[in-house]
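**Student:** Structure file protein04.txt (compact mmCIF, C-alpha atoms) is given on the next line.
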# COMPACT_ATOMS: atom_id res chain seq x y z
CA GLY A 960 152.48 131.23 122.45
CA ASP A 961 150.31 131.60 119.40
CA ALA A 962 146.71 130.62 120.03
CA GLY A 963 144.59 128.92 117.36
CA PRO A 964 140.84 129.19 116.81
CA SER A 965 140.22 127.08 119.94
CA ASN A 966 142.36 129.44 122.06
CA LEU A 967 144.86 126.64 122.71
CA PRO A 968 148.56 127.15 122.08
CA SER A 969 149.68 125.74 118.73
CA GLU A 970 152.34 123.60 120.47
CA LEU A 971 149.62 121.84 122.46
CA ILE A 972 147.48 121.32 119.36
CA PHE A 973 150.49 119.86 117.52
CA ALA A 974 151.27 117.50 120.43
CA CYS A 975 147.65 116.31 120.51
CA GLU A 976 147.62 115.74 116.74
CA CYS A 977 150.83 113.70 117.05
CA GLN A 978 149.18 111.53 119.70
CA LEU A 979 146.12 111.03 117.46
CA ASP A 980 148.37 109.82 114.62
CA LYS A 981 149.77 107.07 116.81
CA GLN A 982 148.18 103.62 117.12
CA GLU A 983 145.83 102.69 119.91
CA PRO A 984 147.52 101.68 123.18
CA TRP A 985 148.02 98.00 123.81
CA GLU A 986 146.48 96.15 126.70
CA VAL A 987 149.06 95.52 129.41
CA LEU A 988 147.00 92.59 130.71
CA ASP A 989 147.42 90.82 127.35
CA THR A 990 151.20 90.93 127.78
CA ALA A 991 150.91 89.58 131.33
CA THR A 992 148.68 86.75 130.14
CA ASP A 993 151.13 85.90 127.35
CA LEU A 994 154.05 85.80 129.78
CA SER A 995 152.11 83.61 132.21
CA VAL A 996 151.42 81.06 129.46
CA HIS A 997 155.13 81.02 128.58
CA PHE A 998 155.96 80.49 132.26
CA LEU A 999 153.58 77.52 132.35
CA VAL A 1000 155.17 75.99 129.26
CA VAL A 1001 158.65 76.42 130.73
CA SER A 1002 157.65 74.86 134.04
CA LEU A 1003 156.06 71.90 132.24
CA THR A 1004 158.94 71.23 129.86
CA THR A 1005 162.02 71.75 132.03
CA VAL A 1006 162.77 68.02 132.31
CA ILE A 1007 162.08 67.35 128.64
CA TYR A 1008 164.10 70.31 127.38
CA PRO A 1009 166.53 71.69 130.01
CA PHE A 1010 167.33 74.76 127.90
CA ALA A 1011 163.70 75.95 128.06
CA PRO A 1012 164.47 78.51 130.82
CA LEU A 1013 167.20 80.04 128.65
CA LEU A 1014 164.77 80.34 125.75
CA PHE A 1015 162.25 81.90 128.11
CA LEU A 1016 164.89 84.43 129.21
CA ALA A 1017 165.65 85.27 125.57
CA HIS A 1018 161.92 85.66 124.97
CA LEU A 1019 161.66 88.01 127.96
CA LEU A 1020 164.45 90.19 126.56
CA VAL A 1021 162.77 90.39 123.16
CA GLU A 1022 159.39 91.02 124.79
CA PHE A 1023 160.89 93.84 126.85
CA GLN A 1024 162.29 95.50 123.72
CA MET A 1025 158.94 95.16 121.94
CA ASP A 1026 157.06 96.61 124.92
CA LEU A 1027 159.52 99.50 125.07
CA PHE A 1028 158.93 100.16 121.37
CA GLN A 1029 155.16 100.00 121.86
CA LEU A 1030 155.40 102.38 124.79
CA LEU A 1031 157.16 104.97 122.63
CA ASP A 1032 155.40 104.28 119.32
CA ARG A 1033 151.79 104.04 120.48
CA ARG A 1034 149.55 106.22 122.54
CA GLN A 1035 150.15 105.99 126.23
CA PRO A 1036 147.96 103.40 127.96
CA GLN A 1037 145.37 104.66 130.38
CA PRO A 1038 146.89 104.80 133.85
CA ARG A 1039 145.29 102.50 136.39
CA ALA A 1040 145.93 102.29 140.08
CA GLY A 1041 147.75 99.15 141.09
CA HIS A 1042 148.96 97.77 144.37
CA GLY A 1043 151.34 94.96 143.47
CA LEU A 1044 150.47 91.66 141.88
CA PRO A 1045 146.80 90.73 142.49
CA GLU A 1046 146.08 87.66 144.57
CA ALA A 1047 144.50 85.94 141.55
CA TRP A 1048 147.77 86.14 139.61
CA MET A 1049 149.68 84.87 142.64
CA ALA A 1050 147.37 81.86 142.79
CA ILE A 1051 147.73 81.28 139.04
CA PHE A 1052 151.54 81.32 139.15
CA GLN A 1053 151.57 79.14 142.26
CA SER A 1054 149.34 76.58 140.55
CA TYR A 1055 151.67 76.66 137.52
CA VAL A 1056 154.60 75.79 139.77
CA TYR A 1057 152.69 72.93 141.43
CA VAL A 1058 151.48 71.51 138.12
CA GLY A 1059 154.99 71.84 136.67
CA ALA A 1060 156.54 70.02 139.62
CA LEU A 1061 153.95 67.23 139.42
CA PHE A 1062 154.36 66.91 135.66
CA ASN A 1063 158.17 66.85 135.78
CA LEU A 1064 158.20 64.32 138.61
CA ALA A 1065 155.82 62.10 136.63
CA ILE A 1066 158.09 62.32 133.58
CA VAL A 1067 161.17 61.42 135.62
CA THR A 1068 159.34 58.58 137.39
CA PHE A 1069 157.43 56.92 134.59
CA ARG A 1070 159.24 57.86 131.37
CA THR A 1071 162.95 57.65 132.26
CA SER A 1072 165.10 54.78 133.46
CA LEU A 1073 166.26 56.66 136.56
CA VAL A 1074 163.89 54.91 138.99
CA PHE A 1075 164.63 51.52 137.41
CA ASP A 1076 168.40 52.10 137.65
CA ILE A 1077 168.23 53.06 141.33
CA PHE A 1078 165.39 50.95 142.79
CA GLY A 1079 164.77 48.13 140.34
CA GLU A 1080 161.86 46.95 138.16
CA GLY A 1081 158.11 46.93 138.84
CA PRO A 1082 155.11 49.22 138.66
CA ALA A 1083 154.84 49.26 142.45
CA VAL A 1084 158.37 50.67 142.68
CA HIS A 1085 157.46 53.53 140.33
CA ALA A 1086 154.25 54.30 142.22
CA ALA A 1087 156.04 54.16 145.59
CA PHE A 1088 158.80 56.48 144.34
CA PHE A 1089 156.29 58.92 142.85
CA SER A 1090 154.11 59.09 145.97
CA THR A 1091 157.11 59.35 148.32
CA ALA A 1092 158.66 62.12 146.26
CA MET A 1093 155.34 63.99 146.17
CA LEU A 1094 154.98 63.70 149.94
CA LEU A 1095 158.53 65.01 150.42
CA MET A 1096 157.80 67.96 148.13
CA VAL A 1097 154.62 68.78 150.05
CA LEU A 1098 156.52 68.53 153.35
CA VAL A 1099 159.30 70.83 152.13
CA LEU A 1100 156.74 73.28 150.75
CA GLY A 1101 154.90 73.30 154.08
CA ILE A 1102 158.13 74.02 155.96
CA VAL A 1103 158.97 76.84 153.54
CA HIS A 1104 155.52 78.39 154.06
CA LEU A 1105 155.97 78.19 157.83
CA VAL A 1106 159.47 79.70 157.85
CA ILE A 1107 159.13 82.42 155.19
CA PRO A 1108 156.31 84.93 155.69
CA ARG A 1109 154.02 85.67 152.75
CA VAL A 1110 154.65 89.40 153.12
CA PRO A 1111 158.02 90.53 154.56
CA SER A 1112 157.89 92.49 157.81
CA ASP A 1113 159.46 95.64 156.33
CA VAL A 1114 156.77 95.70 153.63
CA MET A 1115 154.04 95.32 156.27
CA GLU A 1116 155.63 98.17 158.25
CA HIS A 1117 155.72 100.37 155.12
CA VAL A 1118 152.07 99.64 154.32
CA GLN A 1119 151.07 100.44 157.91
CA ARG A 1120 152.95 103.78 157.77
CA GLU A 1121 151.34 104.55 154.42
CA ARG A 1122 147.86 103.95 155.86
CA GLU A 1123 148.62 106.15 158.87
CA VAL A 1124 149.82 109.01 156.65
CA GLU A 1125 146.77 108.68 154.39
CA ALA A 1126 144.46 108.65 157.42
CA PHE A 1127 146.19 111.75 158.80
CA PHE A 1128 145.86 113.75 155.58
CA ILE A 1129 142.35 112.56 154.71
CA GLY A 1130 141.16 113.16 158.26
CA GLN A 1131 142.06 116.86 158.09
Go ahead and render the structure in this file as structure tokens.

**Tutor:**
Amino acid sequence: GDAGPSNLPSELIFACECQLDKQEPWEVLDTATDLSVHFLVVSLTTVIYPFAPLLFLAHLLVEFQMDLFQLLDRRQPQPRAGHGLPEAWMAIFQSYVYVGALFNLAIVTFRTSLVFDIFGEGPAVHAAFFSTAMLLMVLVLGIVHLVIPRVPSDVMEHVQREREVEAFFIGQ
């Protein structure tokens, strides 16, 4: 092709100038933080507003379209190496689920007539129901953690093979 004063092809110079005209790339972590806050709100308000998960799904669809537009309209974000969801985010989402379950159980126990209709009147009845339900949830969660492994065996096998291949090629 035709080379300019910098000895670069004009097509490359044009492509670089087009990238410079675009807006700065957005931070992907900001989008993840925003979605995690929406997940927390949904998990806290499911009992109060049962359609909250549907609104969250609609929000995800709109967010996906906006991110797709940003990906094509803005400069490309800097690539960063990633190996799945970091442990910190896993702990954050797990705590959101626990807080949401506690919050929703408290709403059902202390702010609705469900416990009164089933078990009768009295603050001791509400406290007994709440503590028993919490203990059952902890028991079920413990059983789930015992039965279902944190990382599936096929994923562990894949990671082990990946490490062996990397060790083979790096060792040479």

**Student:** Please provide as a list of chain:residue names all residues within 9 Å of Gly1059 of chain A, with the sequence filter that same-chain residues fewer than 6 positions apart are discarded (counting all atoms listed in the file).

**Tutor:**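 My list of contacting residues is A:Leu999, A:Val1000, A:Val1001, A:Ser1002, A:Leu1003, A:Thr1004, A:Thr1005.
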
**Student:** Please measure the separation of atom CA of His1104 of chain A and atom CA of Leu1013 of chain A, giving the value in Å to one decimal.

**Tutor:** 28.0 Å

**Student:** Record the distance separating atom CA of Pro968 of chain A and atom CA of Asp1032 of chain A, expressed in Å with one decimal.

**Tutor:**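 Atom-to-atom, atom CA of Pro968 of chain A to atom CA of Asp1032 of chain A, that is 24.0 Å.
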